[in-house]
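Source file model-v7.txt; content: compact mmCIF, C-alpha atoms.
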# COMPACT_ATOMS: atom_id res chain seq x y z
CA MET A 1 16.70 -11.76 9.64
CA SER A 2 13.56 -12.64 11.55
CA SER A 3 12.98 -12.41 15.25
CA ASP A 4 11.74 -15.31 17.34
CA GLY A 5 9.24 -14.53 20.05
CA GLY A 6 8.35 -18.15 20.71
CA LEU A 7 11.84 -19.11 21.93
CA SER A 8 11.45 -17.88 25.50
CA PHE A 9 8.33 -20.03 25.79
CA HIS A 10 10.40 -22.99 24.60
CA CYS A 11 12.87 -22.38 27.42
CA LEU A 12 10.12 -22.60 30.02
CA GLN A 13 9.26 -26.06 28.77
CA GLN A 14 12.75 -27.52 29.37
CA PRO A 15 12.76 -30.23 32.05
CA GLY A 16 14.47 -29.71 35.38
CA MET A 17 15.34 -26.61 37.36
CA GLY A 18 19.09 -26.31 36.73
CA ASN A 19 20.42 -27.91 33.58
CA GLY A 20 17.10 -27.35 31.83
CA VAL A 21 17.33 -23.58 32.19
CA LYS A 22 20.95 -23.60 31.01
CA GLU A 23 20.09 -25.77 28.01
CA GLY A 24 17.15 -23.50 27.20
CA ALA A 25 19.42 -20.44 27.24
CA VAL A 26 21.84 -22.18 24.91
CA ARG A 27 18.99 -23.09 22.55
CA LEU A 28 17.79 -19.47 22.64
CA ARG A 29 21.18 -18.17 21.57
CA GLU A 30 21.58 -20.80 18.87
CA ASP A 31 18.16 -20.14 17.39
CA ALA A 32 18.71 -16.38 17.50
CA GLU A 33 22.06 -16.72 15.75
CA ALA A 34 20.38 -18.77 13.04
CA ILE A 35 17.94 -16.01 12.12
CA LEU A 36 19.51 -12.73 13.24
CA PRO A 37 22.64 -11.09 11.83
CA SER A 38 25.56 -10.63 14.14
CA PRO A 39 26.84 -7.11 14.93
CA VAL A 40 28.09 -5.55 11.71
CA SER A 41 30.29 -2.66 10.60
CA PRO A 42 28.69 0.58 9.33
CA LYS A 43 29.57 -0.41 5.76
CA SER A 44 27.94 -3.82 6.15
CA ASP A 45 24.95 -2.23 7.85
CA HIS A 46 24.57 0.12 4.86
CA ARG A 47 24.52 -2.90 2.54
CA GLN A 48 21.86 -4.54 4.69
CA VAL A 49 19.61 -1.45 4.39
CA LEU A 50 20.01 -1.40 0.59
CA SER A 51 19.34 -5.14 0.47
CA SER A 52 16.13 -4.70 2.51
CA LEU A 53 14.99 -1.82 0.29
CA LEU A 54 15.55 -3.80 -2.91
CA SER A 55 13.95 -6.98 -1.55
CA GLY A 56 10.96 -5.07 -0.20
CA ALA A 57 10.39 -3.20 -3.46
CA LEU A 58 10.37 -6.41 -5.52
CA ALA A 59 8.15 -8.18 -2.96
CA GLY A 60 5.56 -5.42 -3.04
CA ALA A 61 5.54 -5.15 -6.84
CA LEU A 62 5.02 -8.87 -7.41
CA ALA A 63 2.36 -9.21 -4.71
CA LYS A 64 0.22 -6.27 -5.82
CA THR A 65 0.44 -7.05 -9.53
CA ALA A 66 -0.76 -10.59 -8.87
CA VAL A 67 -3.97 -9.41 -7.17
CA ALA A 68 -4.55 -6.07 -8.95
CA PRO A 69 -7.87 -7.07 -10.65
CA LEU A 70 -9.30 -8.29 -7.34
CA ASP A 71 -8.03 -5.19 -5.55
CA ARG A 72 -9.69 -2.85 -8.06
CA THR A 73 -12.97 -4.74 -7.75
CA LYS A 74 -12.83 -4.51 -3.95
CA ILE A 75 -12.27 -0.74 -4.05
CA ILE A 76 -15.22 -0.21 -6.41
CA PHE A 77 -17.55 -1.99 -4.00
CA GLN A 78 -16.07 -0.25 -0.95
CA VAL A 79 -16.80 3.24 -2.26
CA SER A 80 -20.28 2.47 -3.61
CA SER A 81 -23.58 1.53 -1.99
CA LYS A 82 -23.87 -1.70 -3.96
CA ARG A 83 -24.31 -4.88 -1.96
CA PHE A 84 -21.24 -7.09 -2.21
CA SER A 85 -21.30 -10.76 -3.14
CA ALA A 86 -18.81 -13.05 -4.81
CA LYS A 87 -21.17 -13.43 -7.76
CA GLU A 88 -21.46 -9.66 -8.21
CA ALA A 89 -17.70 -9.22 -7.86
CA PHE A 90 -16.87 -11.69 -10.60
CA ARG A 91 -19.72 -10.31 -12.70
CA LEU A 92 -18.09 -6.86 -12.42
CA LEU A 93 -14.74 -8.33 -13.44
CA TYR A 94 -16.30 -10.05 -16.44
CA PHE A 95 -18.21 -7.00 -17.72
CA THR A 96 -15.17 -4.77 -17.20
CA TYR A 97 -13.22 -7.18 -19.37
CA LEU A 98 -15.94 -7.15 -22.07
CA ARG A 99 -16.34 -3.35 -22.13
CA GLU A 100 -12.76 -2.17 -21.68
CA GLY A 101 -10.52 -5.12 -22.46
CA PHE A 102 -8.31 -7.48 -20.48
CA LEU A 103 -5.69 -4.89 -19.50
CA SER A 104 -8.39 -2.66 -18.01
CA LEU A 105 -8.52 -5.10 -15.09
CA TRP A 106 -5.14 -3.65 -14.13
CA ARG A 107 -6.29 -0.02 -14.47
CA GLY A 108 -4.68 2.01 -11.72
CA ASN A 109 -1.92 -0.58 -11.27
CA SER A 110 0.69 1.88 -12.54
CA ALA A 111 -0.32 4.20 -9.71
CA THR A 112 -0.30 1.18 -7.40
CA MET A 113 3.28 0.38 -8.42
CA VAL A 114 4.37 3.97 -7.90
CA ARG A 115 2.98 3.70 -4.36
CA VAL A 116 3.66 0.05 -3.52
CA VAL A 117 7.31 -0.10 -4.59
CA PRO A 118 8.44 2.67 -2.21
CA TYR A 119 5.86 1.62 0.42
CA ALA A 120 7.01 -2.01 0.55
CA ALA A 121 10.68 -1.03 0.34
CA ILE A 122 10.31 1.41 3.24
CA GLN A 123 8.13 -0.95 5.29
CA PHE A 124 10.41 -3.99 5.09
CA SER A 125 13.59 -1.96 5.53
CA ALA A 126 12.08 -0.02 8.45
CA HIS A 127 10.97 -3.28 10.05
CA GLU A 128 14.53 -4.59 10.02
CA GLU A 129 15.84 -1.32 11.47
CA TYR A 130 13.15 -1.12 14.16
CA LYS A 131 13.97 -4.68 15.19
CA ARG A 132 17.61 -3.69 15.67
CA VAL A 133 16.73 -0.52 17.57
CA LEU A 134 14.21 -2.27 19.83
CA GLY A 135 16.66 -5.12 20.35
CA ARG A 136 19.25 -2.68 21.70
CA TYR A 137 16.64 -0.83 23.78
CA TYR A 138 15.26 -3.98 25.43
CA GLY A 139 18.68 -5.57 25.82
CA PHE A 140 18.17 -8.28 23.20
CA ARG A 141 20.96 -7.20 20.89
CA GLY A 142 22.07 -10.19 18.81
CA GLU A 143 19.22 -12.27 20.21
CA ALA A 144 15.58 -12.86 19.29
CA LEU A 145 13.03 -10.21 20.26
CA PRO A 146 10.18 -11.15 22.61
CA PRO A 147 6.60 -10.88 21.27
CA TRP A 148 5.61 -7.32 22.29
CA PRO A 149 8.65 -5.54 20.79
CA ARG A 150 8.20 -7.63 17.65
CA LEU A 151 4.57 -6.51 17.39
CA LEU A 152 5.69 -2.91 17.94
CA ALA A 153 8.35 -3.18 15.22
CA GLY A 154 5.74 -4.22 12.66
CA ALA A 155 3.32 -1.46 13.65
CA LEU A 156 6.05 1.21 13.49
CA ALA A 157 7.25 -0.05 10.11
CA GLY A 158 3.76 0.15 8.64
CA THR A 159 3.13 3.61 10.08
CA THR A 160 6.44 4.92 8.70
CA ALA A 161 5.74 3.59 5.20
CA ALA A 162 2.12 4.83 5.15
CA SER A 163 3.11 8.33 6.30
CA LEU A 164 5.70 8.73 3.55
CA THR A 165 3.63 7.36 0.65
CA TYR A 166 0.02 8.28 1.47
CA PRO A 167 -0.70 10.71 -1.45
CA LEU A 168 0.17 7.91 -3.88
CA ASP A 169 -2.38 5.66 -2.16
CA LEU A 170 -5.08 8.28 -2.61
CA VAL A 171 -4.18 8.70 -6.29
CA ARG A 172 -4.35 4.92 -6.81
CA ALA A 173 -7.84 4.81 -5.24
CA ARG A 174 -9.06 7.67 -7.46
CA MET A 175 -7.80 5.95 -10.62
CA ALA A 176 -9.39 2.64 -9.60
CA VAL A 177 -12.95 4.04 -9.33
CA THR A 178 -13.01 6.51 -12.24
CA PRO A 179 -13.23 6.01 -16.03
CA LYS A 180 -10.18 6.54 -18.21
CA GLU A 181 -11.62 9.81 -19.54
CA MET A 182 -11.50 11.48 -16.12
CA TYR A 183 -7.85 10.85 -15.26
CA SER A 184 -5.47 9.98 -18.08
CA ASN A 185 -2.44 9.20 -15.89
CA ILE A 186 -0.95 9.59 -12.42
CA PHE A 187 0.29 13.13 -12.99
CA HIS A 188 -3.10 14.18 -14.29
CA VAL A 189 -4.68 13.03 -11.00
CA PHE A 190 -2.23 15.10 -8.97
CA ILE A 191 -2.77 18.17 -11.15
CA ARG A 192 -6.58 17.98 -11.08
CA ILE A 193 -6.79 17.33 -7.34
CA SER A 194 -4.39 20.18 -6.58
CA ARG A 195 -6.24 22.59 -8.88
CA GLU A 196 -9.86 21.65 -8.11
CA GLU A 197 -9.78 20.37 -4.53
CA GLY A 198 -6.61 21.76 -2.96
CA LEU A 199 -3.33 20.15 -1.90
CA LYS A 200 -4.67 19.18 1.53
CA THR A 201 -7.01 16.72 -0.24
CA LEU A 202 -3.97 14.56 -0.97
CA TYR A 203 -3.96 13.63 2.74
CA HIS A 204 -7.72 13.26 3.12
CA GLY A 205 -8.34 9.93 4.89
CA PHE A 206 -4.81 9.77 6.30
CA ILE A 207 -5.85 9.28 9.94
CA PRO A 208 -8.01 6.17 9.36
CA THR A 209 -5.21 4.84 7.17
CA VAL A 210 -2.69 5.09 10.00
CA LEU A 211 -5.18 3.72 12.53
CA GLY A 212 -5.73 0.75 10.24
CA VAL A 213 -2.05 0.23 9.41
CA ILE A 214 -1.05 -0.12 13.07
CA PRO A 215 -2.98 -3.37 13.71
CA TYR A 216 -2.57 -4.58 10.12
CA ALA A 217 1.22 -4.27 9.87
CA GLY A 218 1.78 -5.14 13.53
CA LEU A 219 -0.27 -8.34 13.41
CA SER A 220 0.98 -9.33 9.94
CA PHE A 221 4.66 -9.19 10.85
CA PHE A 222 4.00 -10.65 14.30
CA THR A 223 2.01 -13.61 12.94
CA TYR A 224 4.48 -14.39 10.16
CA GLU A 225 7.52 -14.31 12.42
CA THR A 226 5.77 -16.30 15.15
CA LEU A 227 4.75 -19.04 12.71
CA LYS A 228 8.32 -19.28 11.42
CA SER A 229 9.51 -19.50 15.03
CA LEU A 230 7.09 -22.32 15.83
CA HIS A 231 8.06 -24.12 12.62
CA ARG A 232 11.74 -23.92 13.54
CA GLU A 233 11.04 -25.17 17.05
CA TYR A 234 8.87 -28.16 16.16
CA SER A 235 10.24 -29.19 12.76
CA GLY A 236 13.93 -28.95 13.56
CA HIS A 237 14.61 -27.05 10.29
CA ARG A 238 16.32 -23.68 10.50
CA GLN A 239 14.46 -22.29 7.46
CA PRO A 240 10.96 -23.13 6.14
CA TYR A 241 10.43 -24.14 2.51
CA PRO A 242 9.03 -21.50 0.10
CA LEU A 243 5.55 -23.08 0.13
CA GLU A 244 5.56 -23.04 3.93
CA ARG A 245 6.54 -19.36 3.86
CA MET A 246 3.60 -18.70 1.52
CA ILE A 247 1.23 -20.40 3.95
CA PHE A 248 2.62 -18.46 6.92
CA GLY A 249 2.30 -15.21 4.98
CA ALA A 250 -1.26 -16.08 3.97
CA CYS A 251 -2.20 -16.61 7.62
CA ALA A 252 -0.54 -13.32 8.53
CA GLY A 253 -2.46 -11.45 5.84
CA LEU A 254 -5.75 -13.04 6.86
CA ILE A 255 -5.38 -12.01 10.50
CA GLY A 256 -3.99 -8.53 9.82
CA GLN A 257 -6.56 -7.54 7.21
CA SER A 258 -9.53 -8.89 9.15
CA ALA A 259 -8.52 -6.81 12.18
CA SER A 260 -8.18 -3.54 10.25
CA TYR A 261 -10.82 -3.90 7.51
CA PRO A 262 -13.53 -1.47 8.78
CA LEU A 263 -10.97 1.37 8.80
CA ASP A 264 -9.96 0.38 5.27
CA VAL A 265 -13.57 0.88 4.12
CA VAL A 266 -13.71 4.28 5.84
CA ARG A 267 -10.45 5.51 4.30
CA ARG A 268 -11.50 4.43 0.79
CA ARG A 269 -14.80 6.26 1.15
CA MET A 270 -12.94 9.38 2.31
CA GLN A 271 -10.29 9.15 -0.42
CA THR A 272 -12.83 8.96 -3.24
CA ALA A 273 -15.45 11.36 -1.83
CA GLY A 274 -14.66 13.95 -4.48
CA VAL A 275 -15.49 11.68 -7.42
CA THR A 276 -18.17 9.27 -6.14
CA GLY A 277 -20.81 11.76 -5.00
CA HIS A 278 -20.35 11.14 -1.28
CA PRO A 279 -19.85 14.29 0.85
CA ARG A 280 -16.36 14.93 2.19
CA ALA A 281 -16.53 14.36 5.95
CA SER A 282 -14.56 13.37 9.03
CA ILE A 283 -13.83 9.80 10.14
CA ALA A 284 -16.74 9.77 12.59
CA CYS A 285 -19.22 11.23 10.09
CA THR A 286 -18.10 8.84 7.35
CA LEU A 287 -18.39 5.91 9.73
CA ARG A 288 -21.90 6.94 10.81
CA ALA A 289 -23.00 7.44 7.20
CA ILE A 290 -21.83 3.95 6.19
CA VAL A 291 -23.58 2.33 9.18
CA ARG A 292 -26.76 4.36 8.61
CA GLU A 293 -26.96 3.60 4.88
CA GLU A 294 -25.78 0.00 4.77
CA GLY A 295 -25.65 -1.36 8.32
CA ALA A 296 -22.67 -2.03 10.59
CA VAL A 297 -21.69 -5.49 9.39
CA ARG A 298 -22.75 -5.20 5.74
CA GLY A 299 -21.30 -1.71 5.32
CA LEU A 300 -18.05 -1.90 7.30
CA TYR A 301 -17.15 -5.42 6.19
CA LYS A 302 -18.32 -5.11 2.58
CA GLY A 303 -15.83 -6.86 0.32
CA LEU A 304 -14.09 -8.65 3.20
CA SER A 305 -14.60 -12.03 1.52
CA MET A 306 -12.79 -10.62 -1.54
CA ASN A 307 -10.00 -9.53 0.81
CA TRP A 308 -9.85 -13.03 2.26
CA LEU A 309 -9.13 -14.23 -1.26
CA LYS A 310 -6.66 -11.61 -2.42
CA GLY A 311 -5.10 -10.60 0.93
CA PRO A 312 -3.52 -13.94 1.87
CA ILE A 313 -2.24 -14.37 -1.70
CA ALA A 314 -0.65 -10.91 -1.74
CA VAL A 315 0.86 -11.08 1.74
CA GLY A 316 2.09 -14.63 1.18
CA ILE A 317 3.84 -13.61 -2.05
CA SER A 318 5.22 -10.47 -0.41
CA PHE A 319 6.76 -12.11 2.67
CA THR A 320 8.07 -15.09 0.71
CA THR A 321 9.67 -12.92 -1.98
CA PHE A 322 11.30 -10.68 0.63
CA ASP A 323 12.77 -13.62 2.56
CA LEU A 324 14.06 -15.41 -0.53
CA MET A 325 15.56 -12.20 -1.96
CA GLN A 326 17.31 -11.53 1.34
CA ILE A 327 18.78 -15.05 1.35
CA LEU A 328 19.88 -14.69 -2.29
CA LEU A 329 21.49 -11.27 -1.76
CA ARG A 330 23.33 -12.46 1.34
CA ARG A 331 24.77 -15.39 -0.59
CA LEU A 332 25.84 -13.08 -3.43
CA GLN A 333 27.51 -10.71 -0.98
CA SER A 334 29.37 -13.53 0.75
Exercise: express the given structure as structure tokens:
Amino acid sequence: MSSDGGLSFHCLQQPGMGNGVKEGAVRLREDAEAILPSPVSPKSDHRQVLSSLLSGALAGALAKTAVAPLDRTKIIFQVSSKRFSAKEAFRLLYFTYLREGFLSLWRGNSATMVRVVPYAAIQFSAHEEYKRVLGRYYGFRGEALPPWPRLLAGALAGTTAASLTYPLDLVRARMAVTPKEMYSNIFHVFIRISREEGLKTLYHGFIPTVLGVIPYAGLSFFTYETLKSLHREYSGHRQPYPLERMIFGACAGLIGQSASYPLDVVRRRMQTAGVTGHPRASIACTLRAIVREEGAVRGLYKGLSMNWLKGPIAVGISFTTFDLMQILLRRLQS
């Protein structure tokens, strides 16, 4: 299932000039066969796509539900001028619980599920397909992809998923920062935005989203697959344990989200401009306004520590669930 960019490096470390290279090539093929499916018939390929869609949908749903209260808190700070701190974040969670009840901490999660389920399904399935396409293009069919195509596969998968599900992301952000009286449900958000702000508002903030998804998805998939590759090489085990997968996914989420976080702040500010009092503006104007009002580091990285808490948890759960579901479905099919 996963590609293995660290294998070619392993070959270079084999001793000798003749037999070492041959042994390295054999190891490369063996490792690739252990993690990549062999050429399949169209019917089997169709089953693999459905399996990836199902596994990705479940992975995304579990991951986002687990961190929904933290995610809502992060969005509230991102779109306001309040100074972020861990104390203030947990204070907000506590007072939200007192005023609106325990389930209010998951307000907007229904919209999140409507977005995340198709987003995760498309992203994971697209990643598998892009790996196959790039493998054929670069001549690595049936073998492990080298690092750069693997990074490209992740970036393309994230871009594809974001492009197809973006309006749902905007709706989720609106529901997260508004009281229940303003938007009663997902459909109400769509109706009010279309009537009061125009349909084009549903894609407001799309460009910074895509610009942020490229490094986020690319680095997340790249880091996770590379860590699994290194684990396989140095541990001698073909598959990591679930806890190890969680740790690899957490590292992937930490790196990916840290690299793309400023653009995440910009897109949230743009998405919620119509309901938070901020003027609707372009990426550059929004960026300048945040820096002018709050400072470069404090404004563009506000809530990052919250992301360092929730991001690794969510990505770890997501990658681990996808891998384990894929293994389970393959065993059921066989």
In Å, how far is it from CA of Gly256 in chain A to CA of Val133 in chain A?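 These two atoms are separated by 23.5 Å.
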The residue from A:His278, A:Lys310, A:Lys302, A:His231 with the smallest atom-to-atom distance to Phe84 in chain A, counting all atoms listed in the file, is A:Lys302
Notebook entry, point to check: What's the 12 Å shell around Ala284 in chain A, counting all atoms listed in the file, without same-chain residues fewer than 3 positions away, as a PyMOL selection string?
Noted result: chain A and resi 205+207-208+263+266-267+270+280-281+287-291
Discussion item. Give me, as a list in words, all polymer residues having an atom no more than 12 Å from Arg115 in chain A, counting all atoms listed in the file and skipping those fewer than 5 positions away in the same chain.
Written reply: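 Contacts, in chain order: Ala57, Gly60, Ala61, Lys64, Gly108, Asn109, Ser110, Ala120, Ala121, Ile122, Gln123, Ala161, Ala162, Ser163, Leu164, Thr165, Tyr166, Pro167, Leu168, Asp169, Leu170, Val171, Arg172, Ala173 and Ile186 of chain A.
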Would you mind telling me which residue in A:Ser104, A:Val297, A:Tyr234, A:Arg132 lies nearest to Asp45 in chain A when using all atoms listed in the file?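 Checking each of A:Ser104, A:Val297, A:Tyr234, A:Arg132 against Asp45 in chain A, counting all atoms listed in the file, the winner is A:Arg132.
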How close does range 96-215 of chain A get to range 77-81 of chain A? List, as a Markdown table, each residue of range 96-215 of chain A within 12 Å, its nearest atom pair and the distance in Å to one decimal, counting all atoms listed in the file.
| residue | atom | partner | partner_atom | distance |
| --- | --- | --- | --- | --- |
| A:Ala173 | CA | A:Val79 | CA | 9.6 |
| A:Arg174 | CA | A:Val79 | CA | 10.3 |
| A:Ala176 | CA | A:Val79 | CA | 10.4 |
| A:Val177 | CA | A:Val79 | CA | 8.1 |
| A:Thr178 | CA | A:Val79 | CA | 11.2 |
Restricting the output to C-alpha atoms, write the selected residues as a short mmCIF file (atom, residue, chain, number, x, y, z; two decimals), keeping the file's coordinate frame.
data_model
loop_
_atom_site.label_atom_id
_atom_site.label_comp_id
_atom_site.auth_asym_id
_atom_site.auth_seq_id
_atom_site.Cartn_x
_atom_site.Cartn_y
_atom_site.Cartn_z
CA ALA A 173 -7.84 4.81 -5.24
CA ARG A 174 -9.06 7.67 -7.46
CA ALA A 176 -9.39 2.64 -9.60
CA VAL A 177 -12.95 4.04 -9.33
CA THR A 178 -13.01 6.51 -12.24
#
Among A:Ser194, A:Ser220, A:Thr65, A:Gln333, Leu152 in chain A is approached most closely, using all atoms listed in the file, by A:Ser220
